[in-house]
>>> print(open('query-v2.tsv').read())   # TSV, C-alpha atoms
chain	number	residue	atom	x	y	z
W	25	MET	CA	3.39	-10.16	2.26
W	26	GLY	CA	4.72	-11.33	-1.08
W	27	LEU	CA	5.04	-7.75	-2.22
W	28	PRO	CA	8.05	-5.84	-3.47
W	29	VAL	CA	9.59	-3.56	-0.88
W	30	THR	CA	11.83	-0.67	-1.81
W	31	ILE	CA	14.30	0.84	0.61
W	32	ALA	CA	16.08	3.92	-0.59
W	33	THR	CA	18.74	5.81	1.30
W	34	ARG	CA	20.81	8.78	0.23
W	35	ASP	CA	24.02	6.85	0.72
W	36	ALA	CA	23.30	3.19	0.04
W	37	ALA	CA	26.91	2.04	0.46
W	38	ALA	CA	27.23	3.60	3.92
W	39	HIS	CA	23.98	2.09	5.14
W	40	GLU	CA	24.20	-1.42	3.73
W	41	GLU	CA	24.05	-3.07	7.15
W	42	ALA	CA	21.10	-1.01	8.36
W	43	VAL	CA	19.18	-1.73	5.15
W	44	ALA	CA	19.91	-5.45	5.44
W	45	GLY	CA	18.61	-5.28	9.01
W	46	ALA	CA	15.41	-3.61	7.82
W	47	PHE	CA	14.81	-6.39	5.28
W	48	ASP	CA	15.44	-8.96	8.03
W	49	ARG	CA	12.68	-7.35	10.08
W	50	LEU	CA	10.31	-7.48	7.13
W	51	ARG	CA	11.08	-11.18	6.59
W	52	GLU	CA	10.49	-11.85	10.26
W	53	VAL	CA	7.10	-10.14	10.15
W	54	ASP	CA	6.20	-12.02	6.95
W	55	ALA	CA	7.14	-15.36	8.51
W	56	ARG	CA	4.93	-14.60	11.49
W	57	PHE	CA	1.90	-13.05	9.80
W	58	SER	CA	1.60	-14.48	6.28
W	59	LEU	CA	-1.76	-16.10	5.58
W	60	TYR	CA	-0.09	-17.76	2.61
W	61	ARG	CA	2.30	-19.70	4.82
W	62	GLU	CA	1.00	-22.71	6.67
W	63	ASP	CA	3.82	-22.39	9.19
W	64	SER	CA	3.13	-18.76	10.16
W	65	GLU	CA	1.87	-17.95	13.65
W	66	LEU	CA	-1.18	-16.35	12.11
W	67	SER	CA	-2.09	-19.48	10.13
W	68	ALA	CA	-1.66	-21.53	13.32
W	69	LEU	CA	-3.89	-19.09	15.21
W	70	ASN	CA	-6.58	-19.33	12.55
W	71	ARG	CA	-6.37	-23.15	12.52
W	72	GLY	CA	-6.66	-23.25	16.29
W	73	ALA	CA	-3.22	-24.85	16.55
W	74	LEU	CA	-1.88	-21.86	18.50
W	75	THR	CA	-3.61	-19.94	21.26
W	76	LEU	CA	-3.32	-16.17	21.66
W	77	GLU	CA	-1.59	-16.69	25.00
W	78	ASP	CA	1.24	-18.50	23.25
W	79	ALA	CA	1.56	-16.04	20.35
W	80	HIS	CA	4.49	-13.64	19.99
W	81	PRO	CA	4.04	-10.15	21.55
W	82	MET	CA	4.19	-8.81	17.97
W	83	VAL	CA	0.99	-10.72	17.19
W	84	HIS	CA	-0.67	-9.30	20.28
W	85	GLU	CA	0.31	-5.77	19.31
W	86	VAL	CA	-1.01	-6.12	15.76
W	87	LEU	CA	-4.32	-7.63	16.87
W	88	ARG	CA	-4.72	-4.90	19.51
W	89	ARG	CA	-4.09	-2.23	16.84
W	90	CYS	CA	-6.60	-3.93	14.54
W	91	GLU	CA	-9.25	-3.70	17.24
W	92	GLU	CA	-8.44	-0.03	17.91
W	93	LEU	CA	-8.67	0.71	14.21
W	94	ARG	CA	-11.96	-1.19	13.87
W	95	VAL	CA	-13.42	1.14	16.52
W	96	ALA	CA	-11.77	4.27	15.06
W	97	THR	CA	-13.11	3.51	11.57
W	98	ARG	CA	-16.66	2.62	12.68
W	99	GLY	CA	-16.07	-0.97	11.65
W	100	TYR	CA	-14.99	-0.14	8.10
W	101	PHE	CA	-11.55	-1.58	8.83
W	102	ASP	CA	-12.30	-5.00	10.25
W	103	ALA	CA	-9.67	-7.77	10.39
W	104	ARG	CA	-12.22	-10.44	11.30
W	105	ALA	CA	-14.52	-9.50	8.43
W	106	ALA	CA	-11.46	-9.51	6.19
W	107	TYR	CA	-10.76	-13.10	7.22
W	108	VAL	CA	-14.28	-14.20	6.39
W	109	LEU	CA	-13.88	-12.60	2.99
W	110	TRP	CA	-10.49	-14.19	2.43
W	111	ALA	CA	-11.31	-17.68	3.64
W	112	GLY	CA	-14.94	-17.75	2.60
W	113	GLY	CA	-16.19	-18.23	6.16
W	114	THR	CA	-15.31	-18.35	9.83
W	115	PRO	CA	-12.98	-21.14	10.97
W	116	ALA	CA	-14.39	-24.12	12.87
W	117	THR	CA	-11.67	-23.65	15.46
W	118	GLY	CA	-9.16	-20.86	15.85
W	119	VAL	CA	-9.29	-17.09	15.87
W	120	GLY	CA	-10.27	-16.20	12.29
W	121	VAL	CA	-8.49	-12.92	11.74
W	122	ASP	CA	-6.81	-11.38	8.69
W	123	PRO	CA	-4.72	-8.40	9.81
W	124	THR	CA	-2.99	-8.14	6.40
W	125	GLY	CA	-4.53	-4.70	5.85
W	126	LEU	CA	-2.56	-3.42	8.82
W	127	VAL	CA	0.49	-5.68	8.79
W	128	LYS	CA	2.05	-4.41	5.59
W	129	GLY	CA	2.09	-0.79	6.73
W	130	TRP	CA	2.93	-1.74	10.28
W	131	ALA	CA	5.92	-3.80	9.11
W	132	VAL	CA	7.18	-1.07	6.81
W	133	GLN	CA	6.88	1.44	9.67
W	134	LEU	CA	8.84	-0.97	11.87
W	135	ALA	CA	11.55	-1.23	9.20
W	136	ALA	CA	11.68	2.57	8.79
W	137	ASP	CA	11.88	3.07	12.56
W	138	GLY	CA	14.70	0.53	12.66
W	139	LEU	CA	16.59	2.46	9.98
W	140	ALA	CA	16.17	5.68	11.96
W	141	ALA	CA	17.42	3.93	15.12
W	142	ALA	CA	20.47	2.78	13.15
W	143	GLY	CA	21.22	6.40	12.31
W	144	VAL	CA	19.82	6.48	8.77
W	145	CYS	CA	18.11	9.86	8.83
W	146	ASP	CA	17.26	10.33	5.17
W	147	ALA	CA	15.47	7.35	3.66
W	148	PHE	CA	12.19	5.92	2.59
W	149	VAL	CA	10.71	2.45	2.78
W	150	GLY	CA	7.95	1.75	0.27
W	151	ALA	CA	5.83	-1.36	-0.21
W	152	ALA	CA	3.33	-1.72	-3.01
W	153	GLY	CA	2.22	1.88	-3.10
W	154	ASP	CA	2.51	2.75	0.58
W	155	VAL	CA	5.57	4.59	1.85
W	156	CYS	CA	7.22	5.69	5.05
W	157	VAL	CA	9.49	8.70	4.59
W	158	ARG	CA	12.30	10.07	6.75
W	159	GLY	CA	14.29	13.27	6.45
W	160	GLU	CA	15.21	14.75	3.09
W	161	SER	CA	15.91	13.49	-0.42
W	162	GLU	CA	18.86	15.89	-0.69
W	163	PRO	CA	19.95	18.72	1.57
W	164	GLY	CA	17.04	21.16	1.79
W	165	GLU	CA	14.84	19.07	-0.47
W	166	PRO	CA	11.77	17.06	0.59
W	167	TRP	CA	10.88	13.62	-0.69
W	168	ARG	CA	8.34	13.92	-3.50
W	169	ILE	CA	5.62	11.27	-3.43
W	170	GLY	CA	3.26	11.05	-6.37
W	171	VAL	CA	-0.36	10.08	-5.91
W	172	GLN	CA	-1.16	7.54	-8.61
W	173	HIS	CA	-3.67	8.80	-11.16
W	174	PRO	CA	-6.47	6.24	-10.89
W	175	PHE	CA	-7.37	6.20	-14.58
W	176	GLU	CA	-3.99	6.83	-16.24
W	177	PRO	CA	-1.43	4.26	-15.04
W	178	ASP	CA	1.68	6.20	-16.02
W	179	ARG	CA	0.62	9.55	-14.60
W	180	VAL	CA	0.18	11.03	-11.16
W	181	ALA	CA	-2.80	13.03	-9.93
W	182	ALA	CA	-0.92	15.00	-7.27
W	183	VAL	CA	2.57	15.38	-5.85
W	184	LEU	CA	3.09	15.45	-2.08
W	185	GLU	CA	6.27	16.88	-0.55
W	186	VAL	CA	6.89	15.16	2.75
W	187	GLY	CA	9.60	14.90	5.40
W	188	ASP	CA	8.87	12.58	8.31
W	189	ALA	CA	5.53	11.09	7.34
W	190	ALA	CA	3.74	8.05	6.03
W	191	VAL	CA	1.62	8.04	2.87
W	192	ALA	CA	-0.87	5.31	1.95
W	193	THR	CA	-3.36	5.01	-0.89
W	194	SER	CA	-6.27	2.63	-1.25
W	195	GLY	CA	-8.32	2.30	-4.38
W	196	ALA	CA	-10.31	0.16	-6.70
W	197	TYR	CA	-8.29	0.52	-9.87
W	198	ALA	CA	-5.75	-2.09	-8.82
W	199	ARG	CA	-7.37	-4.13	-6.13
W	200	GLY	CA	-10.75	-4.34	-7.76
W	201	ALA	CA	-13.25	-6.08	-5.56
W	202	HIS	CA	-10.74	-6.69	-2.79
W	203	ILE	CA	-11.96	-3.79	-0.67
W	204	VAL	CA	-15.53	-4.28	0.43
W	205	ASP	CA	-17.79	-2.48	2.86
W	206	PRO	CA	-17.75	-4.97	5.76
W	207	HIS	CA	-21.23	-3.81	6.79
W	208	THR	CA	-22.86	-4.64	3.47
W	209	GLY	CA	-20.41	-6.93	1.68
W	210	GLN	CA	-20.67	-4.60	-1.31
W	211	THR	CA	-17.77	-3.18	-3.29
W	212	PRO	CA	-17.90	0.59	-2.93
W	213	ASP	CA	-17.76	2.46	-6.21
W	214	ALA	CA	-18.15	6.14	-5.33
W	215	LEU	CA	-14.41	6.72	-4.96
W	216	ALA	CA	-11.51	5.86	-7.23
W	217	SER	CA	-8.89	6.22	-4.51
W	218	VAL	CA	-8.15	7.65	-1.07
W	219	THR	CA	-4.72	8.83	0.09
W	220	VAL	CA	-3.95	9.54	3.74
W	221	VAL	CA	-0.80	11.22	5.13
W	222	GLY	CA	0.08	10.89	8.80
W	223	PRO	CA	2.71	9.83	11.31
W	224	ASP	CA	2.26	6.03	11.20
W	225	LEU	CA	1.99	3.91	8.06
W	226	GLY	CA	-0.12	1.06	9.43
W	227	THR	CA	-2.63	3.59	10.71
W	228	VAL	CA	-2.87	5.74	7.58
W	229	ASP	CA	-3.15	2.60	5.42
W	230	ALA	CA	-6.09	1.37	7.51
W	231	TYR	CA	-7.67	4.83	7.40
W	232	ALA	CA	-7.34	5.01	3.62
W	233	THR	CA	-8.90	1.54	3.23
W	234	ALA	CA	-11.74	2.47	5.60
W	235	ALA	CA	-12.47	5.81	3.90
W	236	PHE	CA	-12.52	4.03	0.54
W	237	ALA	CA	-14.93	1.41	1.87
W	238	MET	CA	-17.22	4.18	3.14
W	239	GLY	CA	-17.81	5.27	-0.42
W	240	GLU	CA	-19.71	8.51	-0.68
W	241	ASP	CA	-19.25	9.17	3.07
W	242	GLY	CA	-15.47	8.68	2.86
W	243	PRO	CA	-14.36	12.22	1.96
W	244	GLY	CA	-16.37	13.70	4.82
W	245	TRP	CA	-14.96	11.15	7.25
W	246	LEU	CA	-11.41	12.15	6.28
W	247	MET	CA	-12.15	15.51	7.96
W	248	THR	CA	-12.44	13.73	11.31
W	249	LEU	CA	-8.81	12.58	11.00
W	250	GLU	CA	-7.51	16.15	11.13
W	251	PRO	CA	-5.20	17.44	12.48
W	252	ALA	CA	-3.21	14.22	13.00
W	253	CYS	CA	-3.75	13.05	9.43
W	254	ALA	CA	-4.62	14.68	6.12
W	255	GLY	CA	-6.69	13.04	3.40
W	256	LEU	CA	-7.19	13.26	-0.34
W	257	ALA	CA	-10.01	11.44	-2.11
W	258	ILE	CA	-10.42	11.07	-5.86
W	259	THR	CA	-14.01	10.36	-6.80
W	260	ALA	CA	-15.07	8.00	-9.55
W	261	ALA	CA	-16.37	11.07	-11.37
W	262	GLY	CA	-12.87	12.63	-11.40
W	263	GLU	CA	-13.13	15.18	-8.59
W	264	VAL	CA	-10.23	15.60	-6.14
W	265	LEU	CA	-11.36	16.38	-2.58
W	266	SER	CA	-8.70	17.18	0.01
W	267	THR	CA	-8.78	18.11	3.68
W	268	PRO	CA	-7.23	21.45	4.73
W	269	GLY	CA	-4.17	19.75	6.23
W	270	MET	CA	-3.25	18.31	2.84
W	271	GLU	CA	-2.38	21.81	1.59
W	272	ARG	CA	0.97	21.86	3.37
W	273	PHE	CA	2.07	18.75	1.46
W	274	ARG	CA	0.91	19.73	-1.99
W	275	ALA	CA	3.73	20.61	-4.34
E	95	MET	CA	-12.06	-19.88	-1.88
E	96	THR	CA	-8.36	-20.56	-2.18
E	97	ARG	CA	-5.72	-18.13	-3.27
E	98	LYS	CA	-2.24	-19.39	-3.79
E	99	ILE	CA	0.64	-17.01	-3.93
E	100	PRO	CA	3.34	-18.15	-6.32
E	101	ALA	CA	6.59	-18.92	-4.61
E	102	VAL	CA	8.23	-15.75	-5.75
E	103	LEU	CA	10.03	-12.97	-4.03
E	104	LEU	CA	9.44	-11.75	-0.56
E	105	THR	CA	11.30	-8.55	-1.01
E	106	VAL	CA	13.03	-6.72	-3.76
E	107	ALA	CA	15.89	-4.65	-2.52
E	108	ALA	CA	16.34	-1.52	-4.50
E	109	THR	CA	18.83	0.47	-2.54
E	110	ALA	CA	19.10	3.14	-5.13
E	111	PRO	CA	22.20	5.29	-4.81
E	112	SER	CA	20.63	7.76	-7.18
E	113	LEU	CA	17.00	8.38	-6.44
E	114	ALA	CA	15.77	10.98	-8.83
E	115	LEU	CA	13.91	8.51	-11.01
E	116	PRO	CA	11.13	10.18	-12.93
E	117	TYR	CA	8.12	7.95	-12.62
E	118	THR	CA	7.39	7.69	-16.29
E	119	ALA	CA	10.96	7.23	-17.39
E	120	GLU	CA	12.49	3.80	-17.49
E	121	ALA	CA	15.51	3.15	-15.33
E	122	ALA	CA	18.51	3.45	-17.56
E	123	THR	CA	20.08	0.14	-16.64
E	124	GLY	CA	18.88	-3.43	-16.85
E	125	LYS	CA	16.54	-5.35	-19.08
E	126	LEU	CA	12.77	-5.13	-19.04
E	127	TYR	CA	10.62	-8.27	-18.74
E	128	ILE	CA	6.89	-8.04	-19.15
E	129	GLY	CA	4.62	-10.57	-17.48
E	130	THR	CA	1.50	-12.08	-18.97
E	131	ALA	CA	-1.64	-10.00	-18.48
E	132	TYR	CA	-4.05	-11.64	-16.06
E	133	GLN	CA	-7.66	-10.83	-15.33
E	134	ALA	CA	-7.49	-8.82	-12.10
E	135	HIS	CA	-11.14	-8.01	-11.52
E	136	GLN	CA	-14.34	-7.28	-13.35
E	137	TRP	CA	-12.89	-4.21	-15.02
E	138	GLY	CA	-9.78	-5.57	-16.61
E	139	THR	CA	-6.31	-6.97	-16.40
E	140	VAL	CA	-3.04	-6.38	-14.67
E	141	GLN	CA	0.35	-6.81	-16.27
E	142	VAL	CA	3.52	-6.66	-14.22
E	143	ARG	CA	6.83	-5.40	-15.57
E	144	ILE	CA	10.16	-6.00	-13.93
E	145	ARG	CA	13.56	-4.57	-14.71
E	146	VAL	CA	16.50	-6.86	-14.09
E	147	SER	CA	20.09	-5.82	-13.69
E	148	GLY	CA	22.95	-8.04	-12.56
E	149	GLY	CA	20.60	-10.91	-11.79
E	150	ARG	CA	18.47	-8.78	-9.46
E	151	ILE	CA	15.11	-7.14	-9.85
E	152	VAL	CA	15.78	-3.42	-9.68
E	153	ASN	CA	12.31	-2.13	-10.46
E	154	VAL	CA	8.77	-3.46	-10.44
E	155	GLY	CA	5.80	-1.81	-12.07
E	156	ALA	CA	2.34	-2.75	-13.16
E	157	VAL	CA	0.01	-1.65	-15.90
E	158	TYR	CA	-3.72	-1.53	-15.30
E	159	PRO	CA	-6.47	-0.85	-17.77
E	160	ASN	CA	-7.84	2.63	-18.17
E	161	HIS	CA	-11.12	3.04	-16.44
E	162	LYS	CA	-13.98	5.21	-17.51
E	163	ALA	CA	-14.91	7.86	-14.98
E	164	ARG	CA	-18.34	7.17	-13.62
E	165	SER	CA	-20.77	9.69	-12.26
E	166	ILE	CA	-21.58	8.77	-8.69
E	167	SER	CA	-22.91	11.11	-6.07
E	168	ILE	CA	-20.74	11.98	-3.09
E	169	ASN	CA	-22.26	12.79	0.26
E	170	ARG	CA	-21.97	16.59	0.23
E	171	ARG	CA	-22.46	17.21	3.96
E	172	ALA	CA	-18.83	17.71	4.96
E	173	ILE	CA	-17.75	18.75	1.51
E	174	PRO	CA	-17.73	22.55	1.90
E	175	ILE	CA	-14.67	22.24	4.17
E	176	LEU	CA	-12.93	20.02	1.67
E	177	LYS	CA	-11.05	21.60	-1.17
E	178	SER	CA	-12.40	20.46	-4.52
E	179	GLU	CA	-10.40	20.29	-7.74
E	180	VAL	CA	-10.80	18.71	-11.10
E	181	LEU	CA	-8.65	15.60	-11.48
E	182	LYS	CA	-5.59	16.32	-13.62
E	183	ALA	CA	-2.89	14.02	-14.91
E	184	GLN	CA	0.70	15.10	-14.35
E	185	SER	CA	4.13	13.83	-15.19
E	186	ALA	CA	6.37	14.95	-12.39
E	187	LYS	CA	9.79	14.17	-11.02
E	188	ILE	CA	9.04	12.08	-7.98
E	189	HIS	CA	10.77	9.53	-5.79
E	190	TYR	CA	7.91	7.12	-5.18
E	191	VAL	CA	4.33	6.57	-6.23
E	192	SER	CA	1.62	6.04	-3.65
E	193	GLY	CA	-1.12	3.98	-5.21
E	194	ALA	CA	-3.53	1.16	-4.63
E	195	SER	CA	-1.65	-2.10	-4.50
E	196	ASP	CA	-2.88	-5.22	-6.14
E	197	THR	CA	-2.42	-8.13	-3.79
E	198	SER	CA	-4.63	-10.36	-5.85
E	199	GLY	CA	-3.55	-13.57	-7.46
E	200	ALA	CA	-3.53	-11.82	-10.83
E	201	TYR	CA	-0.71	-9.50	-9.75
E	202	THR	CA	1.46	-12.28	-8.37
E	203	ALA	CA	0.71	-14.53	-11.35
E	204	SER	CA	1.80	-11.80	-13.76
E	205	LEU	CA	4.85	-11.06	-11.60
E	206	GLN	CA	5.77	-14.74	-11.59
E	207	SER	CA	5.55	-14.93	-15.38
E	208	ALA	CA	7.81	-11.87	-15.72
E	209	ILE	CA	10.31	-13.51	-13.35
E	210	ASN	CA	10.14	-16.74	-15.35
E	211	LYS	CA	10.89	-14.83	-18.54
E	212	ALA	CA	13.87	-13.24	-16.84
E	213	HIS	CA	15.11	-16.72	-15.78
E	214	LEU	CA	15.78	-15.49	-12.25
>>> encode(input="query-v2.tsv", output="structure tokens")
Amino acid sequence: MGLPVTIATRDAAAHEEAVAGAFDRLREVDARFSLYREDSELSALNRGALTLEDAHPMVHEVLRRCEELRVATRGYFDARAAYVLWAGGTPATGVGVDPTGLVKGWAVQLAADGLAAAGVCDAFVGAAGDVCVRGESEPGEPWRIGVQHPFEPDRVAAVLEVGDAAVATSGAYARGAHIVDPHTGQTPDALASVTVVGPDLGTVDAYATAAFAMGEDGPGWLMTLEPACAGLAITAAGEVLSTPGMERFRA
Amino acid sequence: MTRKIPAVLLTVAATAPSLALPYTAEAATGKLYIGTAYQAHQWGTVQVRIRVSGGRIVNVGAVYPNHKARSISINRRAIPILKSEVLKAQSAKIHYVSGASDTSGAYTASLQSAINKAHL
């Protein structure tokens, strides 16, 4: 992943072992899925040096989720198209898949679930703008997650109060041309950012990326995610459009 | 197309015992190192800042250029059900910021230069 990961617990000293375990999980996922590492299982798959049959069950699960999400997002989240974009073409041999758009959130969710299993009830795990939240920040108090203001780097556009939930944001202000509409190859420019709140980080991250790639159709598509997930889109023109379910999170 | 990630960090552990960090305020401890600004995309640059305390990175942030709001039509079909507001900028006490990440080479290059300056 190569991205900074933050794990915060209410009592860091008491949970040192659980937190170390969560980072171990993240390293394991990175070693298996990194496209930047020649020795990762994913690189071997894409080279044709490893067959799917011989890949770790983790790899199978991620690729199965990618396919489910491709269908659920009408092809706007597409790990194979992402590979073509990343590598500049399809591989001569091998699978040719870039599940990075799912793996980061999926791995963070895995780490957060591991913390919960280790008895850490109040914590969050955040990676490069996406976060998985558990419990409370202090007794009776929710975690407060800011939605980055797309045009003012040091400000937030909204504050979401969440308990057990995942929050992901996709946008153009940081990633630039890295999100494209896989159907057209164009960079969408109708939206500045899309934030999705739901139960699973990998899923909401893929949804946010897909809604962003849909451009002008993205805000309407967010409605179809209700009631499982709530969405908030900020348009390039500076309008904030949120689904009804987002109301319960707004501070 | 090749994109090389600098051999930098995999993870930055920030097990914060005290969490109430206002987003805009700097963490009280540690020293700030600012990376070189790199061209991130057609609209501008990214510049990564790290805060180092006790030989560890305790905070990572990035600065992106301000963008001009552009007027682009949104498909209005499903919009009546959506709540519409005017975008406002707030400074609020929050625990984490959800925002678009920059996984481009520019981000990691700027991060690497900040780490180099910090001699980590």
>>> closest_residue(input="query-v2.tsv", among="E:His213, E:Val152, E:Val146, E:Ser207", to="chain W", atoms="all atoms listed in the file")
E:Val152
>>> interface_residues(input="query-v2.tsv", of="chain W", to="chain E", cutoff="7 Å", atoms="only C-alpha atoms", output="MDAnalysis selection string")
chainID W and resid 25:36 60 111:112 152:155 167:173 175:181 191:195 198:201 214 240:241 244 260:268
>>> atom_distance(input="query-v2.tsv", atom1="atom CA of Ala147 of chain W", atom2="atom CA of Val186 of chain W")
11.6 Å
>>> atom_distance(input="query-v2.tsv", atom1="atom CA of His39 of chain W", atom2="atom CA of Gln133 of chain W")
17.7 Å
>>> residues_near_point(input="query-v2.tsv", point="(10.4, -2.9, -18.3)", cutoff="6 Å", atoms="all atoms listed in the file", output="list in words")
Leu126, Tyr127, Arg143, Ile144 and Arg145 of chain E
>>> atom_distance(input="query-v2.tsv", atom1="atom CA of Lys211 of chain E", atom2="atom CA of Thr130 of chain E")
9.8 Å
